[in-house]
Amino acid sequence: MAQESMTADERVWSALRLEKPDRVPVIPTLLPEPAAGLAGVPQAKVASDNQAVVQAVFDVYDRIGGWDNIYPATYKPIQLQAAGVFPMKMRIPGVDLDDQTPFQLDEQEVLKPEDFEKIAEMGFDAFFEEDFLWRVSDLTPETRAEEMTKIMVGGGMFLGECAKREIKPLFLANGLHPFFLLSLTRSMIPFTQDVFYKPEPVERALRRMTTDLIEKQLRIVKQTGIDIFMCSEERAGGFFFSPAHFERFWWPYTQEIVETLWAEGIVTLFHLDTDWIKNIPYFKKLPKGSAVLELDSTTDIFAAKEMLRGHLCLKGDVSAASLSIGNPEDIAAYCKRLIDGVGGDGGFILGTGCSVPPDAKFENLRAMIETGKTYELTRG
Amino acid sequence: MPSDIADLIVKLEREQVLEAVGERAAAKEDPLVLLEECRQGMLKVGQRFQDGDYYLAELMISGEIFKEAMEVLEPYLEDVRGSERIGTVVLATMHGDIHDLGKNIVATLLRVHNFEVHDLGVNVEPEAVVEKVKEVAPDIVGFSSLITTSFESTRRAAELLEQEGLRDQLKIVVGGGVTTPEFGEYVGADFQTLDASVGVTYCLEACTATTGEA
């Protein structure tokens with residue numbers, strides 16, 4: 001078998017630059033919940049203990065033999081709420097759910113139509129700090145401060161474990177796209193009604209949030225030194241909205257985010273759930289190499305590759321369902337298809353469609369990782 | 001000339017739909033005729049969705065208009081409600097999953113098509129599905145999944161239906177963002193889809209085949 005000739009980081013950046021690395025980079029989206037499932041740790045444990053999260057993640061990483069740069073999974077669910085990563089109500093194992101059921105977001109109509117103007121005026125972060133957090137959370141200012149401290153401690157532990165293994169987090173700057181953030185906090189149907197019937201306040205909020213997001217993420221990237229911003233969006237694509245809505249409410253803000261960050265050398269990694277095939281051609285308008293599209297297996301990644309070949313890197317898309325109820329043979333075969341069909345000329349990272357599911361089978365994830373790490377090196 | 005409620009629904013003119021339904025119902029127009037106009041509007045929206053002219057957003061918006069119109073009509077329908085049900089559906093998001101947005105959209109669309117819908121909610125135990133099936137003898141049981149942690153309880157529910165001798169009397173449909181054809185096979189479902197509208201079309205066809213109705 002041929003030997004690897006790149007470090008994990010070199011391999012990842014080679015793919016981002018649309019080059020052909022020594023082998024395809026492999027990066028599953030392993031979050032605390034699947035790490036718990038795979039490590040045999042109760043969900044309630046990783047939902048209440050940062051150290052348990054980091055241990056579970058690296059237990060899986062080590063047992064599987066490692067992969068390339070790793071998702072920064074260091075948090076307890078309540079910290080996602082406290083930090084405003086997911087400013088929503090949530091159900092937490094051991095508290096609202098049984099010990100073995102993973103944490104879940106509880107989407108409710110908490111944001112009100114009148115809040116759009118507040119956001120436009122104050123910015124979402126200030127609005128969140130002063131007002132919104134206390135609508136969705138049972139935290140107090142004191143307990144919130146404690147959780148924020150624990151995030152930093154957990155982050156430190158995570159980075160320490162990365163250093164031991166000579167790997168890096170794939171990114172540290174991350175956030176929801178403003179459109180997705182508003183949809184989640186307002187809830188999907190009311191927000192869709194806002195977009196149709198009262199669009200101007202939505203647009204004013206999006207405008208302010210975009211400006212703030214760019215400023216904040218630039219700052220975080222410069223602090224952390226990892227030139228990738230991870231941006232999640234599940235609801236703006238052609239599965240939900242017409243091109244007219246997409247062009248008005250999503251694309252201009254997105255283009256501004258990507259181009260501004262790219263001017264500073266920062267790549268935007270889009271986590272795009274649902275079917276985006278109708279929207280893929282828009283991404284061709286972005287500067288070459290400025291973004292990565294992480295697809296969740298509902299978008300036809302092979303078709304997307306044909307549209308974006310030599311322009312943007314793709315990441316994906318071993319489905320959550322296959323990792324949960326599939327078998328190693330089928331997963332290995334699919335990974336080979338991906339590597340041949342999407343990764344053939346570079347610009348591809350083998351990843352999971354959305355994230356590794358909480359009930360993934362260990363042998364299935366291992367089949368994905370091992371295939372990615374060995375397929376190209378063994379075939380000569 | 002009364003307002004064309006169906007046309008207003010297709011145009012997603014919420015205020016005008018509700019105003020027209022309210023005024024015409026108050027003027028003693030047959031509420032079943034008004035209901036049928038609303039349904040026709042929804043069917044046209046569904047056709048536009050099938051044709052690719054409308055998206056899930058329009059489907060959701062029209063569904064909300066339909067629900068609100070039904071609330072306006074409800075007092076007038078109490079004494080005259082028709083009984084021409086296409087079929088009966090039990091819906092559930094199974095244990096391990098608390099998401100219900102997709103399921104709720106399906107429930108609305110099924111009601112538009114005159115299905116009797118029994119929505120068991122989220123995080124449902126398999127035994128509760130069996131109990132409800134025994135109670136209402138549905139034509140279809142629909143399972144919704146947004147995350148894979150409901151896969152096992154969905155399969156368990158299907159197994160229990162088999163064990164109880166109920167499986168042959170109904171169709172099982174699975175849907176939701178994380179489902180795949182392989183998951184459909186895993187559950188032993190008759191149909192799997194990511195698309196609410198396609199799922200409803202399947203239910204219509206299944207019940208039409210069962211009853212022989214057009």
# chains A, B, ... in the order shown; residues from 1 in each chain; ligands from 1
call {"tool": "interface_residues", "arguments": {"of": "chain A", "to": "chain B", "cutoff": "8 Å", "atoms": "only C-alpha atoms", "output": "list of chain:residue names"}}
result
A:Thr101, A:Pro102, A:Gln104, A:Asp106, A:Met188, A:Ile189, A:Thr192, A:Gln193, A:Gly238, A:Phe239, A:Phe240, A:Phe241, A:Ser242, A:Thr274, A:Ala320, A:Ala321, A:Ser322, A:Ser324, A:Ile325, A:Gly326, A:Pro357, A:Pro358, A:Asp359
call {"tool": "write_last_selection", "arguments": {"atoms": "N, CA, C and O atoms", "output": "PDB file, in the first residue's frame"}}
result
ATOM      1  N   THR A 101     -31.900   8.974  25.430  1.00  0.00           N
ATOM      2  CA  THR A 101     -32.381   9.703  24.253  1.00  0.00           C
ATOM      3  C   THR A 101     -31.547  10.965  24.068  1.00  0.00           C
ATOM      4  O   THR A 101     -31.367  11.728  25.010  1.00  0.00           O
ATOM      5  N   PRO A 102     -31.009  11.173  22.868  1.00  0.00           N
ATOM      6  CA  PRO A 102     -30.150  12.348  22.676  1.00  0.00           C
ATOM      7  C   PRO A 102     -30.919  13.662  22.779  1.00  0.00           C
ATOM      8  O   PRO A 102     -32.127  13.700  22.539  1.00  0.00           O
ATOM      9  N   GLN A 104     -32.479  17.203  21.973  1.00  0.00           N
ATOM     10  CA  GLN A 104     -33.123  17.674  20.746  1.00  0.00           C
ATOM     11  C   GLN A 104     -33.599  19.104  20.919  1.00  0.00           C
ATOM     12  O   GLN A 104     -33.989  19.514  22.018  1.00  0.00           O
ATOM     13  N   ASP A 106     -36.174  22.042  20.561  1.00  0.00           N
ATOM     14  CA  ASP A 106     -37.629  22.093  20.671  1.00  0.00           C
ATOM     15  C   ASP A 106     -38.085  23.410  20.026  1.00  0.00           C
ATOM     16  O   ASP A 106     -38.139  24.445  20.677  1.00  0.00           O
ATOM     17  N   MET A 188     -40.760  27.548  11.876  1.00  0.00           N
ATOM     18  CA  MET A 188     -40.727  27.465  10.413  1.00  0.00           C
ATOM     19  C   MET A 188     -41.955  28.077   9.737  1.00  0.00           C
ATOM     20  O   MET A 188     -41.820  28.892   8.817  1.00  0.00           O
ATOM     21  N   ILE A 189     -43.146  27.712  10.181  1.00  0.00           N
ATOM     22  CA  ILE A 189     -44.329  28.203   9.465  1.00  0.00           C
ATOM     23  C   ILE A 189     -44.548  29.707   9.712  1.00  0.00           C
ATOM     24  O   ILE A 189     -44.739  30.461   8.745  1.00  0.00           O
ATOM     25  N   THR A 192     -42.068  31.539   7.598  1.00  0.00           N
ATOM     26  CA  THR A 192     -42.416  31.496   6.174  1.00  0.00           C
ATOM     27  C   THR A 192     -43.541  32.490   5.882  1.00  0.00           C
ATOM     28  O   THR A 192     -43.529  33.179   4.853  1.00  0.00           O
ATOM     29  N   GLN A 193     -44.492  32.589   6.786  1.00  0.00           N
ATOM     30  CA  GLN A 193     -45.564  33.583   6.606  1.00  0.00           C
ATOM     31  C   GLN A 193     -44.994  35.003   6.627  1.00  0.00           C
ATOM     32  O   GLN A 193     -45.416  35.858   5.851  1.00  0.00           O
ATOM     33  N   GLY A 238     -33.997  24.921  -2.428  1.00  0.00           N
ATOM     34  CA  GLY A 238     -35.117  24.677  -3.311  1.00  0.00           C
ATOM     35  C   GLY A 238     -36.110  23.648  -2.809  1.00  0.00           C
ATOM     36  O   GLY A 238     -37.189  23.498  -3.367  1.00  0.00           O
ATOM     37  N   PHE A 239     -35.776  22.945  -1.763  1.00  0.00           N
ATOM     38  CA  PHE A 239     -36.754  22.051  -1.138  1.00  0.00           C
ATOM     39  C   PHE A 239     -37.862  22.874  -0.483  1.00  0.00           C
ATOM     40  O   PHE A 239     -39.014  22.475  -0.441  1.00  0.00           O
ATOM     41  N   PHE A 240     -37.491  24.054   0.025  1.00  0.00           N
ATOM     42  CA  PHE A 240     -38.450  24.887   0.750  1.00  0.00           C
ATOM     43  C   PHE A 240     -38.942  26.081  -0.069  1.00  0.00           C
ATOM     44  O   PHE A 240     -40.127  26.380  -0.082  1.00  0.00           O
ATOM     45  N   PHE A 241     -37.985  26.792  -0.691  1.00  0.00           N
ATOM     46  CA  PHE A 241     -38.341  28.098  -1.253  1.00  0.00           C
ATOM     47  C   PHE A 241     -38.065  28.188  -2.744  1.00  0.00           C
ATOM     48  O   PHE A 241     -37.149  27.551  -3.271  1.00  0.00           O
ATOM     49  N   SER A 242     -38.836  29.037  -3.396  1.00  0.00           N
ATOM     50  CA  SER A 242     -38.675  29.280  -4.829  1.00  0.00           C
ATOM     51  C   SER A 242     -37.366  30.025  -5.076  1.00  0.00           C
ATOM     52  O   SER A 242     -36.823  30.672  -4.177  1.00  0.00           O
ATOM     53  N   THR A 274     -31.179  19.099   3.483  1.00  0.00           N
ATOM     54  CA  THR A 274     -32.269  19.006   2.497  1.00  0.00           C
ATOM     55  C   THR A 274     -31.700  19.120   1.082  1.00  0.00           C
ATOM     56  O   THR A 274     -30.494  19.277   0.906  1.00  0.00           O
ATOM     57  N   ALA A 320     -27.035   9.362   7.174  1.00  0.00           N
ATOM     58  CA  ALA A 320     -27.261   8.982   8.572  1.00  0.00           C
ATOM     59  C   ALA A 320     -27.984   7.648   8.639  1.00  0.00           C
ATOM     60  O   ALA A 320     -27.666   6.796   9.480  1.00  0.00           O
ATOM     61  N   ALA A 321     -28.943   7.455   7.749  1.00  0.00           N
ATOM     62  CA  ALA A 321     -29.703   6.193   7.778  1.00  0.00           C
ATOM     63  C   ALA A 321     -28.788   5.004   7.536  1.00  0.00           C
ATOM     64  O   ALA A 321     -28.903   3.980   8.205  1.00  0.00           O
ATOM     65  N   SER A 322     -27.854   5.140   6.594  1.00  0.00           N
ATOM     66  CA  SER A 322     -26.985   3.990   6.304  1.00  0.00           C
ATOM     67  C   SER A 322     -26.050   3.709   7.478  1.00  0.00           C
ATOM     68  O   SER A 322     -25.752   2.554   7.767  1.00  0.00           O
ATOM     69  N   SER A 324     -26.810   4.139  10.478  1.00  0.00           N
ATOM     70  CA  SER A 324     -27.643   3.597  11.546  1.00  0.00           C
ATOM     71  C   SER A 324     -28.080   2.162  11.259  1.00  0.00           C
ATOM     72  O   SER A 324     -27.921   1.283  12.102  1.00  0.00           O
ATOM     73  N   ILE A 325     -28.623   1.937  10.073  1.00  0.00           N
ATOM     74  CA  ILE A 325     -29.217   0.615   9.824  1.00  0.00           C
ATOM     75  C   ILE A 325     -28.562  -0.123   8.656  1.00  0.00           C
ATOM     76  O   ILE A 325     -28.997  -1.215   8.302  1.00  0.00           O
ATOM     77  N   GLY A 326     -27.545   0.479   8.048  1.00  0.00           N
ATOM     78  CA  GLY A 326     -26.863  -0.176   6.934  1.00  0.00           C
ATOM     79  C   GLY A 326     -25.826  -1.162   7.416  1.00  0.00           C
ATOM     80  O   GLY A 326     -25.763  -1.519   8.597  1.00  0.00           O
ATOM     81  N   PRO A 357     -25.257   9.731  13.050  1.00  0.00           N
ATOM     82  CA  PRO A 357     -26.451   9.683  13.897  1.00  0.00           C
ATOM     83  C   PRO A 357     -26.127   9.110  15.274  1.00  0.00           C
ATOM     84  O   PRO A 357     -25.167   8.349  15.423  1.00  0.00           O
ATOM     85  N   PRO A 358     -26.927   9.449  16.261  1.00  0.00           N
ATOM     86  CA  PRO A 358     -26.645   8.977  17.622  1.00  0.00           C
ATOM     87  C   PRO A 358     -26.685   7.469  17.769  1.00  0.00           C
ATOM     88  O   PRO A 358     -26.094   6.926  18.692  1.00  0.00           O
ATOM     89  N   ASP A 359     -27.383   6.794  16.856  1.00  0.00           N
ATOM     90  CA  ASP A 359     -27.463   5.331  16.953  1.00  0.00           C
ATOM     91  C   ASP A 359     -26.630   4.658  15.866  1.00  0.00           C
ATOM     92  O   ASP A 359     -26.906   3.514  15.482  1.00  0.00           O
TER      93      ASP A 359
END
call {"tool": "select_by_dssp", "arguments": {"residues": "stretch 112-179 of chain B", "states": "strand (DSSP E or B)", "output": "MDAnalysis selection string"}}
result
chainID B and resid 115:119 124 140:144 171:175
call {"tool": "closest_residue", "arguments": {"among": "B:Ser144, B:Gln16, B:Thr93, B:Thr154", "to": "B:Gly176", "atoms": "only C-alpha atoms"}}
result
B:Ser144
call {"tool": "residues_around", "arguments": {"residues": "A:Pro190", "least_positions_apart": "4", "cutoff": "8 Å", "atoms": "only C-alpha atoms", "output": "list in words"}}
result
Glu109, Arg186 and Asp194 of chain A
call {"tool": "write_last_selection", "arguments": {"atoms": "C-alpha atoms", "output": "mmCIF file, in the first residue's frame"}}
result
data_model
loop_
_atom_site.group_PDB
_atom_site.id
_atom_site.type_symbol
_atom_site.label_atom_id
_atom_site.label_comp_id
_atom_site.auth_asym_id
_atom_site.auth_seq_id
_atom_site.Cartn_x
_atom_site.Cartn_y
_atom_site.Cartn_z
ATOM 1 C CA GLU A 109 -42.603 30.322 18.077
ATOM 2 C CA ARG A 186 -39.530 32.273 14.951
ATOM 3 C CA ASP A 194 -43.395 36.571 7.522
#
call {"tool": "closest_residue", "arguments": {"among": "B:Val112, B:Glu19, B:Lys103, B:Met94", "to": "B:Lys44", "atoms": "only C-alpha atoms"}}
result
B:Val112
